[in-house]
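Novice: Structure below; questions to follow.
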Amino acid sequence: MTSPSIPNADTDRLSDSRPSVAELPAADTFTGNISEVAKSYVETVRARIDKATWAGAAGTEICLEFSDAVDALVRFVVDAATVRYAQRYARGAQQRCAVIAQGGYGRREMNPWSDVDLLILYPGRVSPYVETISERLVQTLFDAQLHAGWAVRTPKDCIDQALGDITIRTTMMDGRFIAGSSDLGEELQRTVETQLVARDVAGFVEAKLLESRERRFRMGGSAFMLEPNVKDGQGGLRDIQTLLWIARVRRGISQLEQLATDGLVSEAEQMDLIAAREFLLRTRNAAHLLSRFKQDKLSFELQEQIAERFGYGKTSTHGAAEMFMRDYYSHAAVVARTCSDVIGRLTAPPEPSGLLARLAGKKLRNGVSIASGQLVAEEAIFADNPVNLLAVFLDAQRAAVPLSSGTRESIRRNAHLIDTGVIASRDAIAVFMSILKAGDGVYATLAEMNRIGVLGRFIPEFGRLFCMVQHDFYHVYTVDEHPLIGIRELERVRAGEYEKDSPLLTQVVRDCDQPELLFLAMMFHDLGKGYGGDHDEKGAQMVVEIGDRLGLHVDDRDSLEFLVRNHLMMSTLAQTRDIEDDELVEAFVKDVQTPSNLKHLYLLTFADMRAVGPQIWNGWRDQLLSELYLRAVDGFETGEVMEAN
């Protein structure tokens, strides 16, 4: 997946750059300024990992090195502060506290400008010693340009608060002893395992799944955002962390390397997921180093800089940043897909098989049944008849159930069976058109087909758009994701979600008697972007061939060609021309040709705008398009253009 020009980021290590305690003074004899030493130390460490990152060091290794360096600094500060306290107060040596690393720092996944999350643990009550250590440690980290988040608690406080707050509970699970009294750290770890990890597992899992859904929605709901968040976006590092949190409470698994052994993924899937995490960590390291702060959003500017520093080259049709982002999206897709599948396996009842499956499941047809609220397909049906690689999606759509994770993986393994014969098969085409004609679930079905790799194989022209980037300040999704989001918006209109604000849109979409033609137009309107040049014209030429291949009536094929060729016509006229000009509207009516084309173009224009980004569609654009549409309707009905209202 990664560019061959990038050094092997999975194996390269910082052979001579590991920061060591030797670079820090001996704490028991140090009498200088702690903050000055800490600042110089962190600057040196960051300079080393900066050099190593651009030399090709693995992302995981950079994180380990930085985490170890911060460990050494924390120990130095705690030890030095303890010595000074003991010298000042006679009972200082008898005081106890422990410093626990938490969050990403606790997992040893510290990126160069990540927060340093600390728990300062003490027995009994807060003493002057604990206050001294806490204040000295936090201030020193701040002076060294390390942003610290901290809490000061007893072991009992930790458990009490963790049981009432899912975020604290998760943070505690990632705890790791760093400095101070090791017995306090060991006591807390034992308590975490017995009272947090093993307690109310179902409630914890439910809370983490809800948290994940809310986070994904907040980040745009797609792994294919043009400026994705490498940490919190769908397919980002947080998805992997969520998987491991759930795997830990369900199976005692804390590392990705344990998934295959436990039967949750194949060896190949595990390797792909580990490689994807490596790519994401390396990318986040680069974003932090270039920005010099905790920057997790891959802006267009950062994409250009990272691509150049990682050694990506441009091609005749794609720039270096586009090539880098294609790799990013490929890895993010692996993370999103695999984490979803594994979490599904961890949380769903086991799939019945054999006689039990026949007794417990509802059989839909040979080899396909519903069990535990999921569609389960026997893998043999795909080799017997590759059309089933499409048909199972229609089965799931009609039954309104998701594919089981095992079925998705079977489809993925057999997707190569969709060859030119299947593409031209009347049975396969009938299945595909039935998916588009279904009353509900068109977006969800097509999106799943795209994620698994079936859609791009059945419509190769669309497959060329997979993970394609368009660098502009309007679109927020990749070229293949954008049309699918548009289809989702059309379904939302049909479901009445826009009825209050856009009643005309709702009326028109419900009057549309060929929704499949509208969905095809939305799906294909940007096909030409995969070939460079005038994408409207190239796309229009391509859909003629696709329409013939799909067996469309010549009138429908011509309408599809019109819509793809002119999908920007209505938005351009409404936003840049005077729609009160009768001659302009008359010419528009003449160009549109038929009332059916007008309806479809109006709806396509809305969906295209809405799928560009959430801020593009607004009341002003709605009003302009509605006014132009109504004037054109009147022109068709009366032969005259009504006066603008």
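Ligands are numbered from 1 in the order shown, chains are lettered A, B, ... in the order of the structure tokens, and residues start at 1 in each chain.
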Each residue of range 223-258 of chain A lying at most 12 Å from range 99-105 of chain A should get a row with its shortest atom-to-atom pair and the distance in Å to one decimal, counting only C-alpha atoms; could you produce that, ordered by chain and increasing number, as a tab-separated table?

Specialist:
```
residue	atom	partner	partner_atom	distance
A:Lys231	CA	A:Gly104	CA	11.1
A:Leu237	CA	A:Gly104	CA	10.5
A:Arg238	CA	A:Gly104	CA	10.2
A:Gln241	CA	A:Gly104	CA	9.4
A:Trp245	CA	A:Gly103	CA	11.6
```

Novice: Give me the residues near Val45 in chain A as a CSV table (one decimal) with N, CA and C atoms, in the first residue's frame, where near means some atom within 8 Å (using only C-alpha atoms) and where sequence neighbours in that chain fewer than 3 positions away do not count.

Specialist:
```
chain,number,residue,atom,x,y,z
A,19,PRO,N,17.1,8.1,23.7
A,19,PRO,CA,17.5,8.9,24.8
A,19,PRO,C,17.7,8.1,26.1
A,41,TYR,N,16.9,19.0,27.5
A,41,TYR,CA,16.7,17.5,27.2
A,41,TYR,C,15.6,17.2,26.2
A,42,VAL,N,14.5,17.8,26.4
A,42,VAL,CA,13.4,17.6,25.5
A,42,VAL,C,13.7,18.1,24.1
A,48,ARG,N,16.4,14.6,17.7
A,48,ARG,CA,16.8,13.3,17.3
A,48,ARG,C,15.6,12.5,16.6
A,49,ILE,N,14.4,12.6,17.2
A,49,ILE,CA,13.3,11.9,16.6
A,49,ILE,C,12.9,12.5,15.3
A,66,PHE,N,10.1,8.2,22.3
A,66,PHE,CA,9.7,9.4,22.9
A,66,PHE,C,9.1,9.1,24.3
A,69,ALA,N,11.8,8.4,26.7
A,69,ALA,CA,12.5,9.6,27.0
A,69,ALA,C,11.8,10.4,28.1
```

Novice: Neighbours of Met468 in chain A within 10 Å (only C-alpha atoms; same-chain residues fewer than 5 positions away dropped), as a list in words?

Specialist: Phe224, Leu226, His318, Glu322, Met323, Met325, Arg326, Tyr329, Gly463, Tyr477, Thr478, Val479, Asp480, Glu481, Lys529 and Gly530 of chain A

Novice: Smallest atom-to-atom distance to His416 in chain A: which of A:Ala438, A:Ile306, A:Ala80, A:Val387, using only C-alpha atoms?

Specialist: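 Result for the nearest residue to His416 in chain A: A:Val387.
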